[in-house]
2 protein chains.
Amino acid sequence: MLRTHSCNELRIDNIGQKVVLCGWLHRSRDLGGMTFIDLRDRYGITQLTLDDSNQTLCDFARSLGREYVLQVDGIVRERSSKNPKMPTGDIEIEVHNIKVLNKSKTPPFTIEDNTDGGDELRMRYRYLDLRRNVLKENLALRHRLSILIRNYMNDNGFMEIETPFLVKSTPEGARDFVVPSRMNTGEFYALPQSPQTFKQLLMVAGFDKYFQLVRCFRDEDLRADRQPEFTQLDCEMSFVEQEDVLTMFEGLIKYLFLKEKNLQFDAFPRMTWDEAMKFYGCDKPDIRFGMRFVELNDVAKGNGFSVFDNAELVVGICVKGCAGYSRKQLDELTDFVKRPQVGASGLAYIKYGDTDGADVIKSSVDKFYSQENLKSILQKFNAEKGDLILILAGEKMKTRSALCALRLEMGSRMNLRNSDVFAPLWVIDFPLLEWDEETGRYYAMHHPFTAPKPKDYPKLSTSPSEVRANAYDLVVNGVELGGGSIRIHERTMQNNMFKTLGFSEDEAKHQFGFLLDAFEYGAPPHGGIAFGFDRICAVFSGIDSIRDFIAFPKNNNGRDVMLNAPSNISDAQLNELKISLK
Amino acid sequence: MLRTHSCNELRIDNIGQKVVLCGWLHRSRDLGGMTFIDLRDRYGITQLTLDDSNQTLCDFARSLGREYVLQVDGIVRERSSKNPKMPTGDIEIEVHNIKVLNKSKTPPFTIEDNTDGGDELRMRYRYLDLRRNVLKENLALRHRLSILIRNYMNDNGFMEIETPFLVKSTPEGARDFVVPSRMNTGEFYALPQSPQTFKQLLMVAGFDKYFQLVRCFRDEDLRADRQPEFTQLDCEMSFVEQEDVLTMFEGLIKYLFLKEKNLQFDAFPRMTWDEAMKFYGCDKPDIRFGMRFVELNDVAKGNGFSVFDNAELVVGICVKGCAGYSRKQLDELTDFVKRPQVGASGLAYIKYGDTDGADVIKSSVDKFYSQENLKSILQKFNAEKGDLILILAGEKMKTRSALCALRLEMGSRMNLRNSDVFAPLWVIDFPLLEWDEETGRYYAMHHPFTAPKPKDYPKLSTSPSEVRANAYDLVVNGVELGGGSIRIHERTMQNNMFKTLGFSEDEAKHQFGFLLDAFEYGAPPHGGIAFGFDRICAVFSGIDSIRDFIAFPKNNNGRDVMLNAPSNISDAQLNELKISLK
């Protein structure tokens, strides 16, 4: 070992000891007669002290630049002015010798919590960005969570089983990344979007309780919270019903909160997909705050206001204590809902104010609504004086979605979305299928292996969109952490499902024949769940983007700007693979 | 839960309890008045008993086929004739009801320890093969070892950090699998052959102690013990010297042997690469047995036997107690060494026998060697009466390699390679470079990031083949479990290394510019090791092939015959990727 201690190890008890430390020159202060250096490693910072008594050493120390790698011999001394904010703040090292293990050019940005480096620069020098506390802590959290997850799963009898990465392309769902095969000319492997079919085969194989922390791949156009490769906690159990899966994995999430954050939770609340859509406008409600939707068709229609009269749905939220919102603030909100990402055509409001104790109800739709009309709307919200009602109208699902965005915006404006507060929620009873206007066919809402609820079997041929599934999502603070379902385990049911999804028998056989075959050799009833591990890490840190929880992420063009990948490959490589570029 | 207990849970204490079990119909015996069914799940087997008192149920039970999935209600009863070989052998289930959860076609091979299924068939129905005890136990061992490894690494302050799978193609070394990028037309990612450069970047980033159990990919022509994707335990440490790495990972392997096999070891022996080649003819000696090579140039040459006289090396082994080998047996050995895989041109022997107490020394080279000559050869081996000396001659490295194969063959014939005995060994001081005749250049023996031993620096430009590295392999029972080295951490040294390997400055920059850049921003001294995790599992089980420790392996053509992958992809996919087939 080149060192005797780390930079976060020496305390008052070590005073007088000869030590050797290694680390990076974090900061250097030249105070005339004294020079102080903060030496940093993964564990912390220790202060080195040099005085003029050794002029040569002192001069040498002053010549060293930021981020030089040093090996330092010295003696632990008590500080005269202690720093209670630093774990090593009681001591300093009286330096006897400094060896430069490696030099450093001046980094292109500062290695500080609030760095001066822009996104692109920090991505290019990711190895420097990772020296900053915040990223270091993110990866440390990720490591701790992975250890906790594995120990929970192991303690509960789950086996981690690795599934292949070079698999078969199955274009249902997102786009596959493909890998040309040299040994099988003209053929391609695909990288797995998830180990879904493999975990089901493992259930057929009798493994009973499987899990895997596993990389998955989707060739999608990227957004801030998407990466072409991401890590999933993938789980499956046999001989279970939905309740068993929810209990097991509610246990996992509680265990993680307890061990990592010392937080305890009662049973997680549950909400059907229908309720989530009706009261929050999306399938992943942030229930850290209220502002549940109130539907207003009965009281808002029929007053001659054509926008409401012609709308499929009139729906609003009650924002507590915001009746005082100014014209400017309300215009901002109108602009917000009119943004293309939100997509509403306008915003109506009712302010429930008072003047000298008397109710003053003002509204953007005064022209069409009497004070009585407005009062009856306020009553639907149980509004109190001081409240602001915000109302959208239009096509049902679009209006819900727009109001969902507005509700979250209001939650943020009112500081109701505290990142130290965690509100887990099971959303259950998802529809099995969703209709796609563009392609004119049904798609599986979770995936084609999800089982319909037994009581809804008959509707599969008559009214597919009404069929519900034993499918569930775990949502925390408005983020979907995971989702799963009870699976189909019978060949005939799986055949029916593929038929409903518009697969010909040949297509189904070509793409999923191995699974259909497996269902004929004693497939047990089974179900499972998969969590986005990057998301779990981000939510535990109260951060929106998963990128900072991935050591070497891609940018929004799918590039690793540090490696400069993807890149050209040689003609020799292309020739061996028997492919050419168009 | 569809069950109250597993099939390996009920004992004498449970007698009288009402239980529900789920599992597969493993075996069924119809004994006239009684029907017995062995119900199997992941955990074990429980016997179900039905008697004629319920004729309908009994008839139903007799109609059920092998591998049907059953849910069984019944009461735990004490067996009249107990089976001490089964953990559940004291009890049986008096069956009240059987529900078929799923049917099964008759499996194409028996689900037994000694199955009647051939390799190809079992690969195609891998999910059935995995039901067999031996494969189930292999994956269970793999799971246990992964948990033990992670806990050891975590306890020793290592962080598991995931590195990307979509990286940059770097053709040095084995062939890359590549992945065409849709978003970056004409460009390709590569799948990593190992996270080598990433773990070095993590050291530059200050992570200090990193590990990862990670999939790696090599597009090589396959052999029995190779797979296109395999799992590596990848590790790296900063501020360390070779001794620190050896100590840490000797500790890991000892920990695994202790926890998994209750075996304790003294310090692992160490051998230089030179010694390994000289005494065992390879860099991964199986030291469960002796038969060390004895070089014979001084005593064997100069007697007019041109095969020896013209050979660069005459070298042999002494096989204890085999002087009685028959002509036929010796012919077999001669055939063995002449096989193309072994490559010797012939085999000479000396039998040290006796008749009525008198030495009788017989040899295949009697014509050229007097009894005195032969005795002096025997003395070099410290041979005793009854021993058989086997001698090969020819070009040094080829002859060593052939004798290595013969030594292992003799070890196997004499049952000296017991799979319950484990002989770990560090092989150290590897050459930095090896010369390749075909391409007329040096290649890095480990990889281009391995540091030369400081005292050998000067030889790098004058006599590169003499330079030794602080590189080490861990060998157990003749299998290389892992290898590593102290790395280069300075840009100039890395530049020199690339130059020695024949890289132009542009090539080095193009392929590894990010790492060379990183070395300029304070790279610490570092080193590490990587273990083949599939190999660790195989060696712990005393099995040669890694295939049976991988849930879904590829065959020797790189195909997954169950999935039928790789396969054709659609023209639409090819068009999106802007590639075409030649």
# chains A, B, ... in the order shown; residues from 1 in each chain; ligands from 1

call {"tool": "residues_around", "arguments": {"residues": "B:Asp225", "least_positions_apart": "5", "cutoff": "9 Å", "atoms": "only C-alpha atoms", "output": "VMD selection string"}}
result
chain B and resid 535 544 to 547

call {"tool": "write_last_selection", "arguments": {"atoms": "C-alpha atoms", "output": "CSV table (one decimal), in the first residue's frame"}}
result
chain,number,residue,atom,x,y,z
B,535,ARG,CA,-14.9,-20.5,-14.6
B,544,ASP,CA,-14.4,-28.5,-17.2
B,545,SER,CA,-17.1,-26.7,-19.3
B,546,ILE,CA,-18.6,-23.4,-18.3
B,547,ARG,CA,-21.7,-24.0,-20.4

call {"tool": "residues_around", "arguments": {"residues": "A:Gly23", "least_positions_apart": "2", "cutoff": "6 Å", "atoms": "only C-alpha atoms", "output": "PyMOL selection string"}}
result
chain A and resi 39-41+69-70

call {"tool": "write_last_selection", "arguments": {"atoms": "N, CA and C atoms", "output": "PDB file, in the first residue's frame"}}
result
ATOM      1  N   LEU A  39      -5.842  17.769   1.002  1.00  0.00           N
ATOM      2  CA  LEU A  39      -5.611  16.552   0.221  1.00  0.00           C
ATOM      3  C   LEU A  39      -6.902  15.748   0.207  1.00  0.00           C
ATOM      4  N   ARG A  40      -7.363  15.367  -0.975  1.00  0.00           N
ATOM      5  CA  ARG A  40      -8.685  14.744  -1.112  1.00  0.00           C
ATOM      6  C   ARG A  40      -8.555  13.334  -1.674  1.00  0.00           C
ATOM      7  N   ASP A  41      -9.320  12.403  -1.139  1.00  0.00           N
ATOM      8  CA  ASP A  41      -9.490  11.115  -1.804  1.00  0.00           C
ATOM      9  C   ASP A  41     -10.969  10.767  -1.769  1.00  0.00           C
ATOM     10  N   VAL A  69      -1.529  14.391  -8.073  1.00  0.00           N
ATOM     11  CA  VAL A  69      -1.667  13.223  -7.195  1.00  0.00           C
ATOM     12  C   VAL A  69      -0.427  13.141  -6.311  1.00  0.00           C
ATOM     13  N   LEU A  70      -0.658  13.181  -5.011  1.00  0.00           N
ATOM     14  CA  LEU A  70       0.455  13.284  -4.078  1.00  0.00           C
ATOM     15  C   LEU A  70       0.504  12.104  -3.111  1.00  0.00           C
TER      16      LEU A  70
END

call {"tool": "select_by_dssp", "arguments": {"residues": "stretch 303-431 of chain B", "states": "strand (DSSP E)", "output": "JSON, numbers by chain"}}
result
{"B": [313, 314, 315, 316, 317, 318, 319, 348, 349, 350, 351, 352, 353, 354, 355, 358, 359, 360, 361, 362, 363, 388, 389, 390, 391, 392, 393, 394, 424, 425, 426, 427, 428]}

call {"tool": "select_by_dssp", "arguments": {"residues": "stretch 133-244 of chain B", "states": "helix (DSSP H, G or I)", "output": "VMD selection string"}}
result
chain B and resid 133 to 155 196 to 204 242 to 244

call {"tool": "residues_around", "arguments": {"residues": "stretch 477-481 of chain A", "least_positions_apart": "4", "cutoff": "6 Å", "atoms": "only C-alpha atoms", "output": "count of residues only"}}
result
6

call {"tool": "atom_distance", "arguments": {"atom1": "atom CA of B:Glu92", "atom2": "atom CA of B:Met1"}}
result
21.4 Å

call {"tool": "closest_residue", "arguments": {"among": "A:Leu166, A:Ile486, A:Val72, A:Ile161", "to": "B:Ala565", "atoms": "only C-alpha atoms"}}
result
A:Leu166

call {"tool": "closest_residue", "arguments": {"among": "B:Arg122, B:Lys99, B:Lys367, B:Lys582", "to": "chain A", "atoms": "only C-alpha atoms"}}
result
B:Lys582

call {"tool": "closest_residue", "arguments": {"among": "B:Gly513, B:Gly527, B:Gly324, B:Pro448", "to": "chain A", "atoms": "only C-alpha atoms"}}
result
B:Gly513

call {"tool": "closest_residue", "arguments": {"among": "A:Arg226, A:Lys338, A:His489, A:Arg468", "to": "chain B", "atoms": "only C-alpha atoms"}}
result
A:His489

call {"tool": "atom_distance", "arguments": {"atom1": "atom CA of B:Gly65", "atom2": "atom CA of A:Lys199"}}
result
25.0 Å

call {"tool": "residues_around", "arguments": {"residues": "stretch 42-45 of chain B", "least_positions_apart": "2", "cutoff": "12 Å", "atoms": "only C-alpha atoms", "output": "PyMOL selection string"}}
result
(chain A and resi 157-159+202-210+237-239) or (chain B and resi 5-10+21-27+37-40+47-48+83+85-89+91-93+130-137+139-140)

call {"tool": "residues_around", "arguments": {"residues": "B:Tyr325", "least_positions_apart": "2", "cutoff": "10 Å", "atoms": "only C-alpha atoms", "output": "ChimeraX atom specification"}}
result
/B:321-323,327-331,351,386-388

call {"tool": "closest_residue", "arguments": {"among": "A:Arg339, A:Lys375, A:Arg150, A:Arg400", "to": "chain B", "atoms": "only C-alpha atoms"}}
result
A:Arg150

call {"tool": "residues_around", "arguments": {"residues": "B:Asp456", "least_positions_apart": "2", "cutoff": "10 Å", "atoms": "only C-alpha atoms", "output": "VMD selection string"}}
result
chain B and resid 432 452 to 454 458 to 460 463 to 464 466 to 469

call {"tool": "write_last_selection", "arguments": {"atoms": "N, CA and C atoms", "output": "PDB file, in the first residue's frame"}}
result
ATOM      1  N   LEU B 432       5.923  -8.942 -20.499  1.00  0.00           N
ATOM      2  CA  LEU B 432       5.026  -7.856 -20.889  1.00  0.00           C
ATOM      3  C   LEU B 432       4.478  -8.101 -22.296  1.00  0.00           C
ATOM      4  N   PRO B 452       5.231  -2.263 -17.367  1.00  0.00           N
ATOM      5  CA  PRO B 452       6.459  -3.053 -17.205  1.00  0.00           C
ATOM      6  C   PRO B 452       6.978  -2.919 -15.777  1.00  0.00           C
ATOM      7  N   LYS B 453       7.728  -3.908 -15.317  1.00  0.00           N
ATOM      8  CA  LYS B 453       8.381  -3.756 -14.010  1.00  0.00           C
ATOM      9  C   LYS B 453       9.356  -2.594 -14.110  1.00  0.00           C
ATOM     10  N   PRO B 454       9.357  -1.707 -13.113  1.00  0.00           N
ATOM     11  CA  PRO B 454      10.205  -0.507 -13.208  1.00  0.00           C
ATOM     12  C   PRO B 454      11.655  -0.828 -13.566  1.00  0.00           C
ATOM     13  N   PRO B 458      14.186   0.120 -18.963  1.00  0.00           N
ATOM     14  CA  PRO B 458      15.181   0.418 -20.010  1.00  0.00           C
ATOM     15  C   PRO B 458      15.161  -0.601 -21.153  1.00  0.00           C
ATOM     16  N   LYS B 459      14.798  -1.848 -20.855  1.00  0.00           N
ATOM     17  CA  LYS B 459      14.822  -2.886 -21.894  1.00  0.00           C
ATOM     18  C   LYS B 459      13.704  -2.729 -22.922  1.00  0.00           C
ATOM     19  N   LEU B 460      12.729  -1.857 -22.617  1.00  0.00           N
ATOM     20  CA  LEU B 460      11.553  -1.765 -23.492  1.00  0.00           C
ATOM     21  C   LEU B 460      11.950  -1.387 -24.917  1.00  0.00           C
ATOM     22  N   SER B 463      15.434  -4.644 -25.695  1.00  0.00           N
ATOM     23  CA  SER B 463      15.073  -6.067 -25.827  1.00  0.00           C
ATOM     24  C   SER B 463      13.687  -6.301 -25.227  1.00  0.00           C
ATOM     25  N   PRO B 464      12.672  -5.888 -25.968  1.00  0.00           N
ATOM     26  CA  PRO B 464      11.296  -5.890 -25.454  1.00  0.00           C
ATOM     27  C   PRO B 464      10.848  -7.250 -24.904  1.00  0.00           C
ATOM     28  N   GLU B 466      12.341  -9.331 -23.240  1.00  0.00           N
ATOM     29  CA  GLU B 466      12.856  -9.670 -21.898  1.00  0.00           C
ATOM     30  C   GLU B 466      12.162  -8.884 -20.786  1.00  0.00           C
ATOM     31  N   VAL B 467      11.344  -7.925 -21.176  1.00  0.00           N
ATOM     32  CA  VAL B 467      10.693  -7.093 -20.157  1.00  0.00           C
ATOM     33  C   VAL B 467       9.632  -7.913 -19.425  1.00  0.00           C
ATOM     34  N   ARG B 468       9.679  -7.857 -18.122  1.00  0.00           N
ATOM     35  CA  ARG B 468       8.678  -8.534 -17.307  1.00  0.00           C
ATOM     36  C   ARG B 468       7.683  -7.508 -16.769  1.00  0.00           C
ATOM     37  N   ALA B 469       6.464  -7.977 -16.477  1.00  0.00           N
ATOM     38  CA  ALA B 469       5.421  -7.087 -15.971  1.00  0.00           C
ATOM     39  C   ALA B 469       5.022  -7.500 -14.569  1.00  0.00           C
TER      40      ALA B 469
END

call {"tool": "closest_residue", "arguments": {"among": "A:Leu256, A:Ala572, A:Ile579, A:Ala530", "to": "A:Arg144", "atoms": "only C-alpha atoms"}}
result
A:Leu256

call {"tool": "residues_around", "arguments": {"residues": "B:Tyr472", "least_positions_apart": "4", "cutoff": "6 Å", "atoms": "only C-alpha atoms", "output": "PyMOL selection string"}}
result
chain B and resi 427-428+483-484

call {"tool": "write_last_selection", "arguments": {"atoms": "all heavy atoms", "output": "short mmCIF file (atom, residue, chain, number, x, y, z; two decimals), in the first residue's frame"}}
result
data_model
loop_
_atom_site.label_atom_id
_atom_site.label_comp_id
_atom_site.auth_asym_id
_atom_site.auth_seq_id
_atom_site.Cartn_x
_atom_site.Cartn_y
_atom_site.Cartn_z
N VAL B 427 0.61 -17.39 -10.50
CA VAL B 427 1.70 -17.31 -11.46
C VAL B 427 2.00 -15.83 -11.65
O VAL B 427 1.09 -15.04 -11.93
CB VAL B 427 1.34 -17.99 -12.80
CG1 VAL B 427 2.48 -17.85 -13.79
CG2 VAL B 427 1.01 -19.45 -12.56
N ILE B 428 3.27 -15.45 -11.43
CA ILE B 428 3.62 -14.03 -11.44
C ILE B 428 4.73 -13.75 -12.44
O ILE B 428 5.25 -14.66 -13.07
CB ILE B 428 4.04 -13.55 -10.02
CG1 ILE B 428 5.22 -14.38 -9.52
CG2 ILE B 428 2.88 -13.66 -9.05
CD1 ILE B 428 5.81 -13.89 -8.22
N GLY B 483 -6.79 -12.98 -13.88
CA GLY B 483 -5.50 -12.40 -14.16
C GLY B 483 -5.56 -10.90 -14.05
O GLY B 483 -6.62 -10.30 -14.23
N GLY B 484 -4.41 -10.31 -13.74
CA GLY B 484 -4.41 -8.86 -13.64
C GLY B 484 -3.01 -8.32 -13.65
O GLY B 484 -2.05 -9.04 -13.91
#

call {"tool": "atom_distance", "arguments": {"atom1": "atom CA of A:Leu406", "atom2": "atom CA of A:Trp435"}}
result
25.9 Å
